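Working notes for the structure below.
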Amino acid sequence: MHYEHIVQINDANDPLLSVISRNQLWRGLLRRVEKPEEFLVGVESVTITARGDGWLKRDMQLGPLRVEDHITLEDEVRVHFDTAPSAQHQGGSFTMTIEEPNPGALFVRFSYQTALPETGPQDTDAGDAYFADYVKSAYRDTDIDAIRWIRELVETGQLD
């Protein structure tokens with residue numbers, strides 16, 4: 001299954017929202033990599049197992065689920081996660097890309113590629129379609145919450 005959505009970061013029409021710089025947003029996305037327990041419920045432990053120029057590997061324990069990620073970083077542009085398949089997890093990939101169609105107009109595109117089956121109007125199994133919609137909704141909610149947390153980190157000066 002492929003799923004993507006976009007979250008707007010700065011909105012010139014909403015004076016109540018603090019403006020976030022590209023660098024602050026990038027640091028927030030990196031924090032999601034380095035400290036996923038701040039962004040995801042159930043993260044029990046995270047270990048960075050290897051690190052190089054523009055990449056890192058991490059092991060994350062979520063209850064009985066162990067997740068191994070290879071993460072590549074394109075400075076202030078993109079974070080890409082490749083999750084290894086295991087007996088507990090089918091693996092997949094996840095990308096967060098900063099987009100700036102106009103100066104200061106920041107967005108983050110979240111893109112998921114999983115082993116879940118694609119569903120569409122031709123599908124006859126309502127259970128599969130319901131599950132796919134549930135997973136997509138969970139991804140979207142998690143990403144919106146992540147941006148909300150990044151905004152709070154910016155407002156409290158933790159990403160300066």
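Naming works like this for the structure tokens: A, B, ... for the chains as they're shown, residue 1 at the start of each chain, ligands 1 onward in shown order.
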Contact residues around region 63-69 of chain A with only C-alpha atoms at 8 Å, ignoring same-chain residues under 3 positions, as a PyMOL selection string: chain A and resi 42-44+57-60+81-84+88-89
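Neighbouring residues of Ile147 (chain A) at 9 Å or closer, counting only C-alpha atoms and skipping chain neighbours under 6 positions away, are Val7, Ile9, Leu25, Gly28, Leu29 and Val108 of chain A.
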Given the selection you just returned, output its residues as a file containing all heavy atoms, formatted as a CSV table (one decimal), in the first residue's frame.
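To be explicit, this is the file written out as out_4.csv:
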```
chain,number,residue,atom,x,y,z
A,7,VAL,N,1.2,18.0,5.4
A,7,VAL,CA,0.8,18.9,6.5
A,7,VAL,C,1.4,20.2,6.3
A,7,VAL,O,2.7,20.4,6.1
A,7,VAL,CB,1.3,18.2,7.9
A,7,VAL,CG1,0.9,19.2,9.0
A,7,VAL,CG2,0.6,16.9,8.1
A,9,ILE,N,2.9,23.7,7.5
A,9,ILE,CA,3.6,24.1,8.7
A,9,ILE,C,3.3,25.6,9.0
A,9,ILE,O,2.9,26.0,10.1
A,9,ILE,CB,5.1,23.9,8.5
A,9,ILE,CG1,5.4,22.5,8.1
A,9,ILE,CG2,5.9,24.3,9.8
A,9,ILE,CD1,4.9,21.4,9.1
A,25,LEU,N,12.3,23.3,11.7
A,25,LEU,CA,11.5,22.1,11.2
A,25,LEU,C,12.4,20.9,11.0
A,25,LEU,O,12.1,19.8,11.5
A,25,LEU,CB,10.7,22.5,10.0
A,25,LEU,CG,9.9,21.3,9.3
A,25,LEU,CD1,8.8,20.8,10.3
A,25,LEU,CD2,9.3,21.8,8.0
A,28,GLY,N,13.4,19.4,14.2
A,28,GLY,CA,12.2,18.7,14.8
A,28,GLY,C,12.1,17.3,14.2
A,28,GLY,O,11.8,16.3,14.9
A,29,LEU,N,12.3,17.3,12.8
A,29,LEU,CA,12.2,16.0,12.2
A,29,LEU,C,13.3,15.0,12.6
A,29,LEU,O,13.1,13.8,12.8
A,29,LEU,CB,12.2,16.1,10.6
A,29,LEU,CG,11.0,16.9,10.1
A,29,LEU,CD1,11.1,17.0,8.5
A,29,LEU,CD2,9.7,16.3,10.4
A,108,VAL,N,5.3,19.6,5.0
A,108,VAL,CA,6.0,18.3,5.1
A,108,VAL,C,5.1,17.3,4.4
A,108,VAL,O,3.9,17.2,4.7
A,108,VAL,CB,6.2,17.9,6.5
A,108,VAL,CG1,6.9,16.5,6.5
A,108,VAL,CG2,7.1,18.9,7.3
```
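Taking CA of Gly157 (chain A) as the reference point, CA of Gln24 (chain A) is found at 9.7 Å.
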Taking 2 positions as the minimum chain separation for residues in the same chain, which residues sit within 8 Å of region 92-94 of chain A when counting only C-alpha atoms? Answer as a JSON list (two decimals) with C-alpha atoms, in the first residue's frame.
```json
[["chain", "number", "residue", "atom", "x", "y", "z"],
["A", 80, "HIS", "CA", 13.84, 8.35, 4.63],
["A", 81, "PHE", "CA", 13.24, 5.26, 6.77],
["A", 82, "ASP", "CA", 13.68, 1.73, 5.43],
["A", 83, "THR", "CA", 12.27, -0.72, 7.93],
["A", 84, "ALA", "CA", 13.60, -4.26, 7.69],
["A", 85, "PRO", "CA", 11.03, -7.05, 7.52],
["A", 90, "GLN", "CA", 6.39, -6.81, 7.17],
["A", 96, "MET", "CA", 9.29, 12.92, 5.40],
["A", 110, "PHE", "CA", 4.67, 12.18, 4.53],
["A", 111, "SER", "CA", 4.88, 9.14, 2.26],
["A", 112, "TYR", "CA", 4.42, 5.51, 3.29],
["A", 113, "GLN", "CA", 5.07, 2.32, 1.37],
["A", 114, "THR", "CA", 4.00, -0.86, 3.16],
["A", 115, "ALA", "CA", 3.40, -4.51, 2.37]]
```
Let's see if you can do this: from backbone DSSP, list all strand (DSSP E) residues in region 4-135 of chain A, as number ranges by chain. A: 4-8, 43-52, 55-62, 65-74, 78-83, 92-102, 105-114
Rank A:Asp75, A:Asp141, A:Glu152, A:Asp11 by their smallest atom-to-atom distance to Asp53 (chain A), using only C-alpha atoms, and report the top residue only. A:Asp75
Nearby residues (only C-alpha atoms) at most 10 Å from Glu34 (chain A), same-chain spacing under 2 positions excluded, as a CSV table (one decimal) with all heavy atoms, in the first residue's frame:
```
chain,number,residue,atom,x,y,z
A,28,GLY,N,13.4,19.4,14.2
A,28,GLY,CA,12.2,18.7,14.8
A,28,GLY,C,12.1,17.3,14.2
A,28,GLY,O,11.8,16.3,14.9
A,29,LEU,N,12.3,17.3,12.8
A,29,LEU,CA,12.2,16.0,12.2
A,29,LEU,C,13.3,15.0,12.6
A,29,LEU,O,13.1,13.8,12.8
A,29,LEU,CB,12.2,16.1,10.6
A,29,LEU,CG,11.0,16.9,10.1
A,29,LEU,CD1,11.1,17.0,8.5
A,29,LEU,CD2,9.7,16.3,10.4
A,30,LEU,N,14.5,15.6,12.8
A,30,LEU,CA,15.6,14.8,13.3
A,30,LEU,C,15.4,14.3,14.7
A,30,LEU,O,15.7,13.2,15.1
A,30,LEU,CB,16.9,15.6,13.3
A,30,LEU,CG,17.5,15.9,11.9
A,30,LEU,CD1,18.8,16.8,12.1
A,30,LEU,CD2,17.8,14.7,11.2
A,31,ARG,N,14.7,15.1,15.5
A,31,ARG,CA,14.3,14.7,16.9
A,31,ARG,C,13.4,13.5,16.8
A,31,ARG,O,13.5,12.6,17.6
A,31,ARG,CB,13.7,15.9,17.6
A,31,ARG,CG,13.5,15.6,19.1
A,31,ARG,CD,13.5,16.8,19.9
A,31,ARG,NE,13.1,16.6,21.2
A,31,ARG,CZ,13.4,17.5,22.2
A,31,ARG,NH1,14.1,18.6,21.9
A,31,ARG,NH2,13.1,17.3,23.4
A,32,ARG,N,12.5,13.5,15.8
A,32,ARG,CA,11.6,12.3,15.6
A,32,ARG,C,12.4,11.1,15.3
A,32,ARG,O,12.1,10.0,15.7
A,32,ARG,CB,10.6,12.6,14.5
A,32,ARG,CG,9.5,11.6,14.4
A,32,ARG,CD,8.5,12.0,13.4
A,32,ARG,NE,7.4,10.9,13.3
A,32,ARG,CZ,6.4,11.0,12.5
A,32,ARG,NH1,6.2,12.0,11.7
A,32,ARG,NH2,5.5,10.0,12.5
A,36,PRO,N,12.3,8.9,19.2
A,36,PRO,CA,10.9,8.6,18.7
A,36,PRO,C,9.9,8.4,19.9
A,36,PRO,O,8.7,8.5,19.7
A,36,PRO,CB,11.1,7.3,17.9
A,36,PRO,CG,12.4,6.7,18.4
A,36,PRO,CD,13.2,7.9,18.8
A,37,GLU,N,10.5,8.1,21.1
A,37,GLU,CA,9.6,8.0,22.2
A,37,GLU,C,8.8,9.2,22.5
A,37,GLU,O,7.7,9.2,23.2
A,37,GLU,CB,10.4,7.5,23.5
A,37,GLU,CG,11.4,8.5,24.0
A,37,GLU,CD,12.7,8.5,23.3
A,37,GLU,OE1,12.9,7.9,22.3
A,37,GLU,OE2,13.6,9.2,23.9
A,38,GLU,N,9.3,10.4,22.1
A,38,GLU,CA,8.5,11.6,22.3
A,38,GLU,C,7.4,11.8,21.3
A,38,GLU,O,6.5,12.6,21.5
A,38,GLU,CB,9.5,12.9,22.1
A,38,GLU,CG,10.5,13.0,23.2
A,38,GLU,CD,11.3,14.3,23.0
A,38,GLU,OE1,11.1,15.1,22.0
A,38,GLU,OE2,12.3,14.5,23.7
A,46,VAL,N,15.2,2.8,22.4
A,46,VAL,CA,15.8,3.1,21.1
A,46,VAL,C,17.3,3.0,21.2
A,46,VAL,O,17.9,3.6,22.1
A,46,VAL,CB,15.3,4.5,20.6
A,46,VAL,CG1,16.0,4.8,19.3
A,46,VAL,CG2,13.9,4.6,20.6
A,47,THR,N,17.9,2.3,20.3
A,47,THR,CA,19.4,2.3,20.2
A,47,THR,C,19.8,2.6,18.8
A,47,THR,O,19.4,2.0,17.9
A,47,THR,CB,19.9,0.9,20.6
A,47,THR,OG1,19.3,0.5,21.9
A,47,THR,CG2,21.4,0.8,20.7
A,48,ILE,N,20.7,3.6,18.7
A,48,ILE,CA,21.4,3.9,17.5
A,48,ILE,C,22.5,2.9,17.4
A,48,ILE,O,23.4,2.9,18.2
A,48,ILE,CB,21.9,5.4,17.4
A,48,ILE,CG1,20.8,6.4,17.7
A,48,ILE,CG2,22.5,5.6,16.1
A,48,ILE,CD1,19.6,6.4,16.8
A,56,LEU,N,21.9,6.6,9.4
A,56,LEU,CA,22.0,5.9,10.7
A,56,LEU,C,21.1,4.7,10.7
A,56,LEU,O,20.2,4.6,9.9
A,56,LEU,CB,21.7,6.8,11.9
A,56,LEU,CG,20.3,7.4,12.0
A,56,LEU,CD1,19.4,6.5,12.9
A,56,LEU,CD2,20.4,8.8,12.7
A,58,ARG,N,18.9,2.2,13.5
A,58,ARG,CA,18.5,2.2,14.9
A,58,ARG,C,17.6,0.9,15.1
A,58,ARG,O,17.0,0.4,14.1
A,58,ARG,CB,17.7,3.4,15.2
A,58,ARG,CG,16.3,3.5,14.6
A,58,ARG,CD,15.5,4.7,15.1
A,58,ARG,NE,14.2,4.6,14.5
A,58,ARG,CZ,13.3,5.6,14.5
A,58,ARG,NH1,13.6,6.7,15.0
A,58,ARG,NH2,12.1,5.3,13.9
```
DSSP-assigned alpha helix (DSSP H) among region 6-126 of chain A, expressed as a ChimeraX atom specification: /A:22-34,126
Using only N, CA and C atoms, please write the residues we just selected to a file, as a JSON list (two decimals), in the first residue's frame.
```
[["chain", "number", "residue", "atom", "x", "y", "z"],
["A", 22, "ARG", "N", 12.77, 26.73, 8.35],
["A", 22, "ARG", "CA", 13.12, 25.43, 7.75],
["A", 22, "ARG", "C", 14.09, 24.69, 8.65],
["A", 23, "ASN", "N", 15.06, 25.41, 9.24],
["A", 23, "ASN", "CA", 16.04, 24.78, 10.10],
["A", 23, "ASN", "C", 15.39, 24.23, 11.37],
["A", 24, "GLN", "N", 14.46, 24.97, 11.97],
["A", 24, "GLN", "CA", 13.77, 24.47, 13.15],
["A", 24, "GLN", "C", 12.94, 23.23, 12.81],
["A", 25, "LEU", "N", 12.26, 23.27, 11.68],
["A", 25, "LEU", "CA", 11.48, 22.12, 11.24],
["A", 25, "LEU", "C", 12.39, 20.91, 11.04],
["A", 26, "TRP", "N", 13.52, 21.12, 10.39],
["A", 26, "TRP", "CA", 14.47, 20.04, 10.17],
["A", 26, "TRP", "C", 14.94, 19.44, 11.49],
["A", 27, "ARG", "N", 15.28, 20.30, 12.44],
["A", 27, "ARG", "CA", 15.72, 19.79, 13.75],
["A", 27, "ARG", "C", 14.61, 19.01, 14.44],
["A", 28, "GLY", "N", 13.37, 19.44, 14.25],
["A", 28, "GLY", "CA", 12.24, 18.70, 14.80],
["A", 28, "GLY", "C", 12.10, 17.33, 14.16],
["A", 29, "LEU", "N", 12.27, 17.25, 12.84],
["A", 29, "LEU", "CA", 12.19, 15.96, 12.16],
["A", 29, "LEU", "C", 13.34, 15.04, 12.61],
["A", 30, "LEU", "N", 14.51, 15.62, 12.81],
["A", 30, "LEU", "CA", 15.64, 14.82, 13.31],
["A", 30, "LEU", "C", 15.36, 14.32, 14.72],
["A", 31, "ARG", "N", 14.69, 15.14, 15.51],
["A", 31, "ARG", "CA", 14.34, 14.71, 16.87],
["A", 31, "ARG", "C", 13.40, 13.51, 16.81],
["A", 32, "ARG", "N", 12.51, 13.48, 15.82],
["A", 32, "ARG", "CA", 11.62, 12.33, 15.64],
["A", 32, "ARG", "C", 12.44, 11.07, 15.34],
["A", 33, "VAL", "N", 13.57, 11.23, 14.68],
["A", 33, "VAL", "CA", 14.46, 10.10, 14.40],
["A", 33, "VAL", "C", 15.19, 9.68, 15.67],
["A", 34, "GLU", "N", 15.78, 10.64, 16.35],
["A", 34, "GLU", "CA", 16.65, 10.36, 17.50],
["A", 34, "GLU", "C", 15.88, 10.03, 18.78],
["A", 126, "ALA", "N", -14.69, -5.80, 2.36],
["A", 126, "ALA", "CA", -14.83, -4.56, 3.13],
["A", 126, "ALA", "C", -13.87, -4.52, 4.30]]
```
